[in-house]
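Here's query.txt, which has compact mmCIF, N, CA and C atoms:
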```
# COMPACT_ATOMS: atom_id res chain seq x y z
N MET X 9 8.83 -13.88 9.86
CA MET X 9 8.24 -14.66 8.78
C MET X 9 6.73 -14.76 8.99
N ILE X 10 5.98 -14.60 7.94
CA ILE X 10 4.52 -14.66 8.01
C ILE X 10 4.08 -16.12 7.93
N HIS X 11 3.09 -16.47 8.76
CA HIS X 11 2.69 -17.87 8.87
C HIS X 11 1.41 -18.23 8.15
N ASN X 12 0.50 -17.30 7.95
CA ASN X 12 -0.72 -17.63 7.21
C ASN X 12 -1.21 -16.43 6.41
N ASN X 13 -2.15 -16.68 5.49
CA ASN X 13 -2.60 -15.66 4.56
C ASN X 13 -3.21 -14.44 5.23
N LYS X 14 -3.86 -14.62 6.39
CA LYS X 14 -4.47 -13.44 7.00
C LYS X 14 -3.42 -12.50 7.60
N ASP X 15 -2.18 -12.96 7.74
CA ASP X 15 -1.09 -12.10 8.19
C ASP X 15 -0.51 -11.27 7.05
N ILE X 16 -0.75 -11.69 5.82
CA ILE X 16 -0.16 -11.01 4.66
C ILE X 16 -0.96 -9.74 4.36
N PRO X 17 -0.26 -8.62 4.27
CA PRO X 17 -0.98 -7.38 3.99
C PRO X 17 -1.74 -7.43 2.66
N ARG X 18 -2.88 -6.79 2.65
CA ARG X 18 -3.65 -6.56 1.43
C ARG X 18 -3.27 -5.16 0.97
N LEU X 19 -3.09 -4.97 -0.34
CA LEU X 19 -2.62 -3.68 -0.85
C LEU X 19 -3.59 -3.03 -1.80
N LEU X 20 -3.57 -1.70 -1.77
CA LEU X 20 -4.17 -0.85 -2.80
C LEU X 20 -3.02 -0.06 -3.40
N LEU X 21 -2.86 -0.13 -4.71
CA LEU X 21 -1.81 0.63 -5.39
C LEU X 21 -2.37 1.96 -5.85
N ASP X 22 -1.70 3.04 -5.52
CA ASP X 22 -2.13 4.38 -5.90
C ASP X 22 -2.04 4.57 -7.41
N GLU X 23 -2.69 5.59 -7.90
CA GLU X 23 -2.89 5.75 -9.35
C GLU X 23 -1.62 5.86 -10.18
N HIS X 24 -0.53 6.37 -9.64
CA HIS X 24 0.68 6.51 -10.44
C HIS X 24 1.58 5.28 -10.41
N VAL X 25 1.23 4.32 -9.56
CA VAL X 25 2.00 3.08 -9.48
C VAL X 25 1.66 2.21 -10.69
N TRP X 26 2.64 1.52 -11.20
CA TRP X 26 2.51 0.63 -12.36
C TRP X 26 1.29 -0.27 -12.19
N VAL X 27 0.31 -0.13 -13.07
CA VAL X 27 -0.97 -0.82 -12.93
C VAL X 27 -0.84 -2.34 -13.02
N ASN X 28 0.07 -2.85 -13.85
CA ASN X 28 0.21 -4.30 -14.00
C ASN X 28 0.83 -4.97 -12.78
N LEU X 29 1.38 -4.18 -11.87
CA LEU X 29 1.91 -4.75 -10.63
C LEU X 29 0.81 -5.48 -9.87
N ALA X 30 -0.40 -4.95 -9.87
CA ALA X 30 -1.52 -5.60 -9.17
C ALA X 30 -1.79 -6.97 -9.77
N THR X 31 -1.84 -7.06 -11.08
CA THR X 31 -2.11 -8.34 -11.75
C THR X 31 -1.02 -9.36 -11.46
N ILE X 32 0.22 -8.94 -11.58
CA ILE X 32 1.34 -9.85 -11.35
C ILE X 32 1.33 -10.37 -9.92
N LEU X 33 1.11 -9.49 -8.95
CA LEU X 33 1.09 -9.92 -7.55
C LEU X 33 -0.12 -10.81 -7.25
N ARG X 34 -1.26 -10.53 -7.86
CA ARG X 34 -2.42 -11.41 -7.68
C ARG X 34 -2.12 -12.80 -8.22
N ASN X 35 -1.44 -12.86 -9.37
CA ASN X 35 -1.06 -14.16 -9.95
C ASN X 35 -0.10 -14.93 -9.05
N LYS X 36 0.57 -14.23 -8.15
CA LYS X 36 1.48 -14.88 -7.19
C LYS X 36 0.77 -15.17 -5.87
N GLY X 37 -0.54 -14.89 -5.81
CA GLY X 37 -1.33 -15.23 -4.64
C GLY X 37 -1.57 -14.11 -3.64
N PHE X 38 -1.16 -12.89 -3.97
CA PHE X 38 -1.36 -11.76 -3.06
C PHE X 38 -2.67 -11.04 -3.38
N ASP X 39 -3.25 -10.41 -2.37
CA ASP X 39 -4.50 -9.67 -2.52
C ASP X 39 -4.15 -8.20 -2.77
N VAL X 40 -4.07 -7.84 -4.05
CA VAL X 40 -3.64 -6.50 -4.45
C VAL X 40 -4.59 -5.97 -5.52
N ILE X 41 -5.03 -4.72 -5.32
CA ILE X 41 -5.84 -4.04 -6.33
C ILE X 41 -5.23 -2.68 -6.63
N HIS X 42 -5.60 -2.13 -7.75
CA HIS X 42 -5.11 -0.81 -8.18
C HIS X 42 -6.27 0.17 -8.18
N THR X 43 -5.98 1.43 -7.91
CA THR X 43 -7.04 2.43 -7.88
C THR X 43 -7.84 2.47 -9.18
N ILE X 44 -7.19 2.20 -10.31
CA ILE X 44 -7.89 2.18 -11.60
C ILE X 44 -8.98 1.11 -11.59
N GLU X 45 -8.70 -0.04 -10.97
CA GLU X 45 -9.64 -1.16 -10.96
C GLU X 45 -10.89 -0.89 -10.11
N VAL X 46 -10.79 0.06 -9.20
CA VAL X 46 -11.93 0.37 -8.32
C VAL X 46 -12.40 1.82 -8.49
N ASN X 47 -12.11 2.38 -9.67
CA ASN X 47 -12.60 3.71 -10.06
C ASN X 47 -12.23 4.82 -9.06
N LEU X 48 -11.00 4.80 -8.58
CA LEU X 48 -10.54 5.83 -7.65
C LEU X 48 -9.59 6.84 -8.30
N ASN X 49 -9.28 6.65 -9.58
CA ASN X 49 -8.37 7.59 -10.23
C ASN X 49 -8.94 8.99 -10.21
N GLY X 50 -8.09 9.95 -9.88
CA GLY X 50 -8.51 11.34 -9.85
C GLY X 50 -9.20 11.73 -8.56
N ARG X 51 -9.42 10.80 -7.66
CA ARG X 51 -10.05 11.11 -6.38
C ARG X 51 -9.01 11.71 -5.44
N SER X 52 -9.48 12.38 -4.40
CA SER X 52 -8.56 13.00 -3.45
C SER X 52 -7.76 11.94 -2.69
N ASP X 53 -6.61 12.36 -2.19
CA ASP X 53 -5.78 11.45 -1.39
C ASP X 53 -6.57 10.94 -0.19
N SER X 54 -7.35 11.81 0.41
CA SER X 54 -8.16 11.41 1.56
C SER X 54 -9.17 10.33 1.18
N ASP X 55 -9.80 10.48 0.00
CA ASP X 55 -10.75 9.46 -0.48
C ASP X 55 -10.06 8.12 -0.69
N VAL X 56 -8.86 8.17 -1.25
CA VAL X 56 -8.11 6.94 -1.52
C VAL X 56 -7.74 6.26 -0.21
N LEU X 57 -7.25 7.02 0.76
CA LEU X 57 -6.87 6.42 2.04
C LEU X 57 -8.10 5.92 2.79
N THR X 58 -9.20 6.62 2.68
CA THR X 58 -10.45 6.18 3.32
C THR X 58 -10.90 4.85 2.73
N PHE X 59 -10.86 4.74 1.40
CA PHE X 59 -11.23 3.49 0.75
C PHE X 59 -10.31 2.36 1.22
N ALA X 60 -9.01 2.62 1.19
CA ALA X 60 -8.04 1.60 1.61
C ALA X 60 -8.32 1.15 3.04
N SER X 61 -8.61 2.09 3.90
CA SER X 61 -8.86 1.77 5.31
C SER X 61 -10.11 0.92 5.47
N LYS X 62 -11.17 1.29 4.78
CA LYS X 62 -12.42 0.53 4.86
C LYS X 62 -12.23 -0.89 4.36
N GLU X 63 -11.37 -1.06 3.37
CA GLU X 63 -11.09 -2.37 2.78
C GLU X 63 -9.97 -3.12 3.51
N LYS X 64 -9.43 -2.50 4.57
CA LYS X 64 -8.31 -3.09 5.32
C LYS X 64 -7.11 -3.36 4.42
N ARG X 65 -6.79 -2.37 3.60
CA ARG X 65 -5.66 -2.46 2.68
C ARG X 65 -4.64 -1.38 3.00
N ALA X 66 -3.38 -1.76 2.97
CA ALA X 66 -2.31 -0.76 3.03
C ALA X 66 -2.23 -0.11 1.65
N LEU X 67 -1.79 1.12 1.62
CA LEU X 67 -1.68 1.87 0.37
C LEU X 67 -0.22 1.99 -0.03
N LEU X 68 0.08 1.61 -1.26
CA LEU X 68 1.42 1.80 -1.83
C LEU X 68 1.35 3.00 -2.77
N THR X 69 2.16 4.00 -2.50
CA THR X 69 2.12 5.25 -3.25
C THR X 69 3.51 5.82 -3.49
N TYR X 70 3.61 6.66 -4.51
CA TYR X 70 4.83 7.45 -4.75
C TYR X 70 4.69 8.84 -4.12
N ASN X 71 3.50 9.18 -3.67
CA ASN X 71 3.17 10.53 -3.22
C ASN X 71 3.55 10.71 -1.74
N ALA X 72 4.83 10.81 -1.48
CA ALA X 72 5.33 10.89 -0.10
C ALA X 72 4.82 12.13 0.61
N LYS X 73 4.92 13.27 -0.05
CA LYS X 73 4.60 14.54 0.60
C LYS X 73 3.15 14.57 1.10
N ASP X 74 2.20 14.31 0.22
CA ASP X 74 0.79 14.43 0.60
C ASP X 74 0.35 13.35 1.58
N PHE X 75 0.82 12.13 1.39
CA PHE X 75 0.36 11.06 2.27
C PHE X 75 1.04 11.12 3.64
N ALA X 76 2.24 11.66 3.74
CA ALA X 76 2.87 11.85 5.06
C ALA X 76 2.05 12.87 5.86
N ILE X 77 1.62 13.94 5.20
CA ILE X 77 0.78 14.95 5.86
C ILE X 77 -0.56 14.33 6.27
N LEU X 78 -1.16 13.58 5.36
CA LEU X 78 -2.44 12.94 5.65
C LEU X 78 -2.33 11.96 6.82
N ALA X 79 -1.25 11.21 6.88
CA ALA X 79 -1.04 10.27 7.99
C ALA X 79 -0.97 11.01 9.32
N LYS X 80 -0.30 12.15 9.34
CA LYS X 80 -0.22 12.96 10.57
C LYS X 80 -1.59 13.48 10.96
N GLU X 81 -2.35 13.97 9.97
CA GLU X 81 -3.70 14.47 10.25
C GLU X 81 -4.59 13.36 10.83
N TRP X 82 -4.53 12.18 10.23
CA TRP X 82 -5.34 11.06 10.70
C TRP X 82 -4.93 10.66 12.11
N SER X 83 -3.64 10.69 12.40
CA SER X 83 -3.16 10.32 13.72
C SER X 83 -3.72 11.29 14.78
N LYS X 84 -3.69 12.58 14.47
CA LYS X 84 -4.22 13.58 15.41
C LYS X 84 -5.70 13.37 15.66
N LEU X 85 -6.42 12.87 14.67
CA LEU X 85 -7.86 12.64 14.79
C LEU X 85 -8.19 11.23 15.29
N ASP X 86 -7.15 10.46 15.61
CA ASP X 86 -7.31 9.06 16.01
C ASP X 86 -8.05 8.23 14.97
N LYS X 87 -7.86 8.58 13.70
CA LYS X 87 -8.42 7.79 12.60
C LYS X 87 -7.41 6.71 12.24
N GLU X 88 -7.89 5.49 12.10
CA GLU X 88 -6.99 4.38 11.82
C GLU X 88 -6.93 4.07 10.33
N HIS X 89 -5.77 3.58 9.90
CA HIS X 89 -5.61 3.11 8.52
C HIS X 89 -4.76 1.84 8.57
N SER X 90 -4.72 1.15 7.45
CA SER X 90 -4.01 -0.13 7.40
C SER X 90 -2.56 0.00 6.97
N GLY X 91 -2.08 1.22 6.87
CA GLY X 91 -0.67 1.46 6.55
C GLY X 91 -0.50 2.21 5.25
N ILE X 92 0.56 2.98 5.20
CA ILE X 92 0.95 3.71 4.00
C ILE X 92 2.38 3.31 3.70
N ILE X 93 2.59 2.84 2.48
CA ILE X 93 3.93 2.44 2.03
C ILE X 93 4.34 3.41 0.94
N ILE X 94 5.41 4.12 1.19
CA ILE X 94 5.89 5.13 0.25
C ILE X 94 7.09 4.57 -0.50
N SER X 95 7.10 4.79 -1.80
CA SER X 95 8.20 4.32 -2.63
C SER X 95 8.68 5.43 -3.55
N ASN X 96 9.96 5.39 -3.86
CA ASN X 96 10.47 6.17 -4.99
C ASN X 96 9.95 5.51 -6.25
N GLN X 97 9.91 6.25 -7.35
CA GLN X 97 9.56 5.61 -8.61
C GLN X 97 10.73 4.72 -9.00
N LEU X 98 10.42 3.45 -9.24
CA LEU X 98 11.44 2.45 -9.51
C LEU X 98 11.18 1.76 -10.83
N PRO X 99 12.22 1.15 -11.42
CA PRO X 99 11.97 0.29 -12.58
C PRO X 99 11.00 -0.82 -12.17
N GLN X 100 10.21 -1.29 -13.11
CA GLN X 100 9.15 -2.25 -12.81
C GLN X 100 9.64 -3.50 -12.09
N GLY X 101 10.75 -4.06 -12.52
CA GLY X 101 11.28 -5.27 -11.90
C GLY X 101 11.66 -5.04 -10.44
N GLU X 102 12.28 -3.91 -10.17
CA GLU X 102 12.68 -3.57 -8.80
C GLU X 102 11.45 -3.31 -7.93
N LEU X 103 10.46 -2.63 -8.48
CA LEU X 103 9.22 -2.37 -7.75
C LEU X 103 8.54 -3.69 -7.38
N LEU X 104 8.47 -4.61 -8.31
CA LEU X 104 7.89 -5.93 -8.05
C LEU X 104 8.67 -6.67 -6.97
N ARG X 105 9.98 -6.69 -7.10
CA ARG X 105 10.82 -7.43 -6.15
C ARG X 105 10.66 -6.89 -4.73
N LEU X 106 10.73 -5.57 -4.57
CA LEU X 106 10.64 -4.98 -3.23
C LEU X 106 9.24 -5.13 -2.64
N THR X 107 8.22 -4.97 -3.47
CA THR X 107 6.84 -5.10 -2.97
C THR X 107 6.59 -6.53 -2.50
N GLU X 108 7.05 -7.49 -3.28
CA GLU X 108 6.88 -8.89 -2.90
C GLU X 108 7.63 -9.20 -1.59
N LYS X 109 8.83 -8.66 -1.45
CA LYS X 109 9.59 -8.86 -0.20
C LYS X 109 8.84 -8.29 0.99
N LEU X 110 8.31 -7.07 0.83
CA LEU X 110 7.56 -6.46 1.92
C LEU X 110 6.35 -7.31 2.28
N LEU X 111 5.61 -7.77 1.29
CA LEU X 111 4.41 -8.58 1.55
C LEU X 111 4.74 -9.88 2.26
N LYS X 112 5.89 -10.46 1.97
CA LYS X 112 6.28 -11.72 2.60
C LYS X 112 6.86 -11.53 4.00
N ARG X 113 7.46 -10.37 4.25
CA ARG X 113 8.19 -10.17 5.51
C ARG X 113 7.44 -9.40 6.58
N LEU X 114 6.48 -8.57 6.19
CA LEU X 114 5.84 -7.67 7.15
C LEU X 114 4.39 -8.07 7.38
N PRO X 115 4.06 -8.56 8.57
CA PRO X 115 2.66 -8.92 8.85
C PRO X 115 1.75 -7.69 8.78
N ALA X 116 0.52 -7.90 8.35
CA ALA X 116 -0.43 -6.80 8.18
C ALA X 116 -0.57 -5.97 9.46
N GLY X 117 -0.61 -6.63 10.60
CA GLY X 117 -0.78 -5.91 11.86
C GLY X 117 0.33 -4.92 12.16
N GLU X 118 1.52 -5.20 11.65
CA GLU X 118 2.65 -4.29 11.89
C GLU X 118 2.62 -3.07 10.97
N LEU X 119 1.80 -3.11 9.94
CA LEU X 119 1.66 -1.98 9.03
C LEU X 119 0.63 -0.97 9.52
N GLU X 120 -0.32 -1.43 10.32
CA GLU X 120 -1.44 -0.58 10.72
C GLU X 120 -0.97 0.72 11.35
N ASN X 121 -1.52 1.84 10.84
CA ASN X 121 -1.26 3.18 11.35
C ASN X 121 0.21 3.59 11.30
N THR X 122 0.94 3.02 10.36
CA THR X 122 2.34 3.40 10.19
C THR X 122 2.58 3.88 8.76
N VAL X 123 3.67 4.59 8.59
CA VAL X 123 4.16 4.97 7.27
C VAL X 123 5.49 4.26 7.11
N ARG X 124 5.61 3.47 6.06
CA ARG X 124 6.83 2.71 5.79
C ARG X 124 7.41 3.14 4.44
N PHE X 125 8.67 2.81 4.25
CA PHE X 125 9.34 3.10 2.99
C PHE X 125 9.71 1.79 2.31
N LEU X 126 9.24 1.61 1.09
CA LEU X 126 9.46 0.36 0.37
C LEU X 126 10.95 0.04 0.25
N GLN X 127 11.78 1.05 0.07
CA GLN X 127 13.21 0.83 -0.10
C GLN X 127 13.86 0.22 1.15
N ASP X 128 13.16 0.20 2.28
CA ASP X 128 13.70 -0.44 3.48
C ASP X 128 13.64 -1.96 3.41
N TYR X 129 13.03 -2.50 2.36
CA TYR X 129 12.82 -3.97 2.25
C TYR X 129 13.68 -4.59 1.14
N LYS X 130 14.89 -4.05 0.97
CA LYS X 130 15.80 -4.54 -0.06
C LYS X 130 16.30 -5.91 0.22
```
Written as structure tokens, that's how I'd like the structure from this file.
Amino acid sequence: MIHNNKDIPRLLLDEHVWVNLATILRNKGFDVIHTIEVNLNGRSDSDVLTFASKEKRALLTYNAKDFAILAKEWSKLDKEHSGIIISNQLPQGELLRLTEKLLKRLPAGELENTVRFLQDYK
């Protein structure tokens, strides 16, 4: 169980993730932004992960293939990131429910330099 706000992961939602998820989660008190909101749409996966890392945000994406490869490359280079969360494309309600569960159950420090699967937080 997370005890204070600084333990709660901050998220960046990748461009194909439902954009209103960021707004809904912010309204529930979570620190979540979408790539559209910070002009990252169309940028390379590396640029997106670099931005997320600089902002100390875990990245929620549907792009399992490319980000799994990128995570391995970063690990070999000893480059740190705040976590990559991979999800299947889900109905909006299910995506919201699982993302909120992950944010409440997984401290930010446990996400660092890991690749997680959103479906593991059912």
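For the choices X:Gln127, X:Thr122, X:Asn71, X:Asn96, the atom-to-atom distance to Leu110 (chain X) is smallest for X:Gln127 when using only C-alpha atoms.
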Just the strand (DSSP E or B) stuff from chain X, please, per backbone DSSP, written as a list in words.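 Filtering chain X to strand (DSSP E or B) leaves Leu19, Leu20, Leu21, Val40, Ile41, His42, Ala66, Leu67, Leu68, Thr69, Ile92, Ile93, Ile94, Val123, Arg124 and Phe125 of chain X.
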Limited to N, CA and C atoms, could you put the picked residues into a file as a short mmCIF file (atom, residue, chain, number, x, y, z; two decimals), in the frame of the given file?
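New file out-v9.cif:
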```cif
data_model
loop_
_atom_site.label_atom_id
_atom_site.label_comp_id
_atom_site.auth_asym_id
_atom_site.auth_seq_id
_atom_site.Cartn_x
_atom_site.Cartn_y
_atom_site.Cartn_z
N LEU X 19 -3.09 -4.97 -0.34
CA LEU X 19 -2.62 -3.68 -0.85
C LEU X 19 -3.59 -3.03 -1.80
N LEU X 20 -3.57 -1.70 -1.77
CA LEU X 20 -4.17 -0.85 -2.80
C LEU X 20 -3.02 -0.06 -3.40
N LEU X 21 -2.86 -0.13 -4.71
CA LEU X 21 -1.81 0.63 -5.39
C LEU X 21 -2.37 1.96 -5.85
N VAL X 40 -4.07 -7.84 -4.05
CA VAL X 40 -3.64 -6.50 -4.45
C VAL X 40 -4.59 -5.97 -5.52
N ILE X 41 -5.03 -4.72 -5.32
CA ILE X 41 -5.84 -4.04 -6.33
C ILE X 41 -5.23 -2.68 -6.63
N HIS X 42 -5.60 -2.13 -7.75
CA HIS X 42 -5.11 -0.81 -8.18
C HIS X 42 -6.27 0.17 -8.18
N ALA X 66 -3.38 -1.76 2.97
CA ALA X 66 -2.31 -0.76 3.03
C ALA X 66 -2.23 -0.11 1.65
N LEU X 67 -1.79 1.12 1.62
CA LEU X 67 -1.68 1.87 0.37
C LEU X 67 -0.22 1.99 -0.03
N LEU X 68 0.08 1.61 -1.26
CA LEU X 68 1.42 1.80 -1.83
C LEU X 68 1.35 3.00 -2.77
N THR X 69 2.16 4.00 -2.50
CA THR X 69 2.12 5.25 -3.25
C THR X 69 3.51 5.82 -3.49
N ILE X 92 0.56 2.98 5.20
CA ILE X 92 0.95 3.71 4.00
C ILE X 92 2.38 3.31 3.70
N ILE X 93 2.59 2.84 2.48
CA ILE X 93 3.93 2.44 2.03
C ILE X 93 4.34 3.41 0.94
N ILE X 94 5.41 4.12 1.19
CA ILE X 94 5.89 5.13 0.25
C ILE X 94 7.09 4.57 -0.50
N VAL X 123 3.67 4.59 8.59
CA VAL X 123 4.16 4.97 7.27
C VAL X 123 5.49 4.26 7.11
N ARG X 124 5.61 3.47 6.06
CA ARG X 124 6.83 2.71 5.79
C ARG X 124 7.41 3.14 4.44
N PHE X 125 8.67 2.81 4.25
CA PHE X 125 9.34 3.10 2.99
C PHE X 125 9.71 1.79 2.31
#
```
Residue nearest Glu118 (chain X) among X:Pro99, X:Gly37, X:Gly50, X:Gly91 (counting only C-alpha atoms): X:Gly91
Can you list every residue in chain X that DSSP puts in helix (DSSP H, G or I), as a ChimeraX atom specification? /X:13-15,28-35,43-46,53-62,72-84,100-113,116-119,126-129
At what distance in Å, to one decimal, does CA of Ile16 (chain X) lie from atom C of Ala66 (chain X)?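 According to the coordinates, atom C of Ala66 (chain X) and CA of Ile16 (chain X) are separated by 11.5 Å.
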If we count all atoms listed in the file, what is near region 72-79 of chain X at a cut-off of 6.5 Å, once residues fewer than 5 positions away on the same chain are taken out, given as a compact mmCIF listing (two decimals) with N, CA and C atoms, keeping the file's coordinate frame?
```
# COMPACT_ATOMS: atom_id res chain seq x y z
N LYS X 84 -3.69 12.58 14.47
CA LYS X 84 -4.22 13.58 15.41
C LYS X 84 -5.70 13.37 15.66
N ILE X 94 5.41 4.12 1.19
CA ILE X 94 5.89 5.13 0.25
C ILE X 94 7.09 4.57 -0.50
N SER X 95 7.10 4.79 -1.80
CA SER X 95 8.20 4.32 -2.63
C SER X 95 8.68 5.43 -3.55
```
Grab the atom C of Ser61 (chain X) to atom C of Ile92 (chain X) distance for me, in Å with one decimal place.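 So the answer is 12.8 Å.
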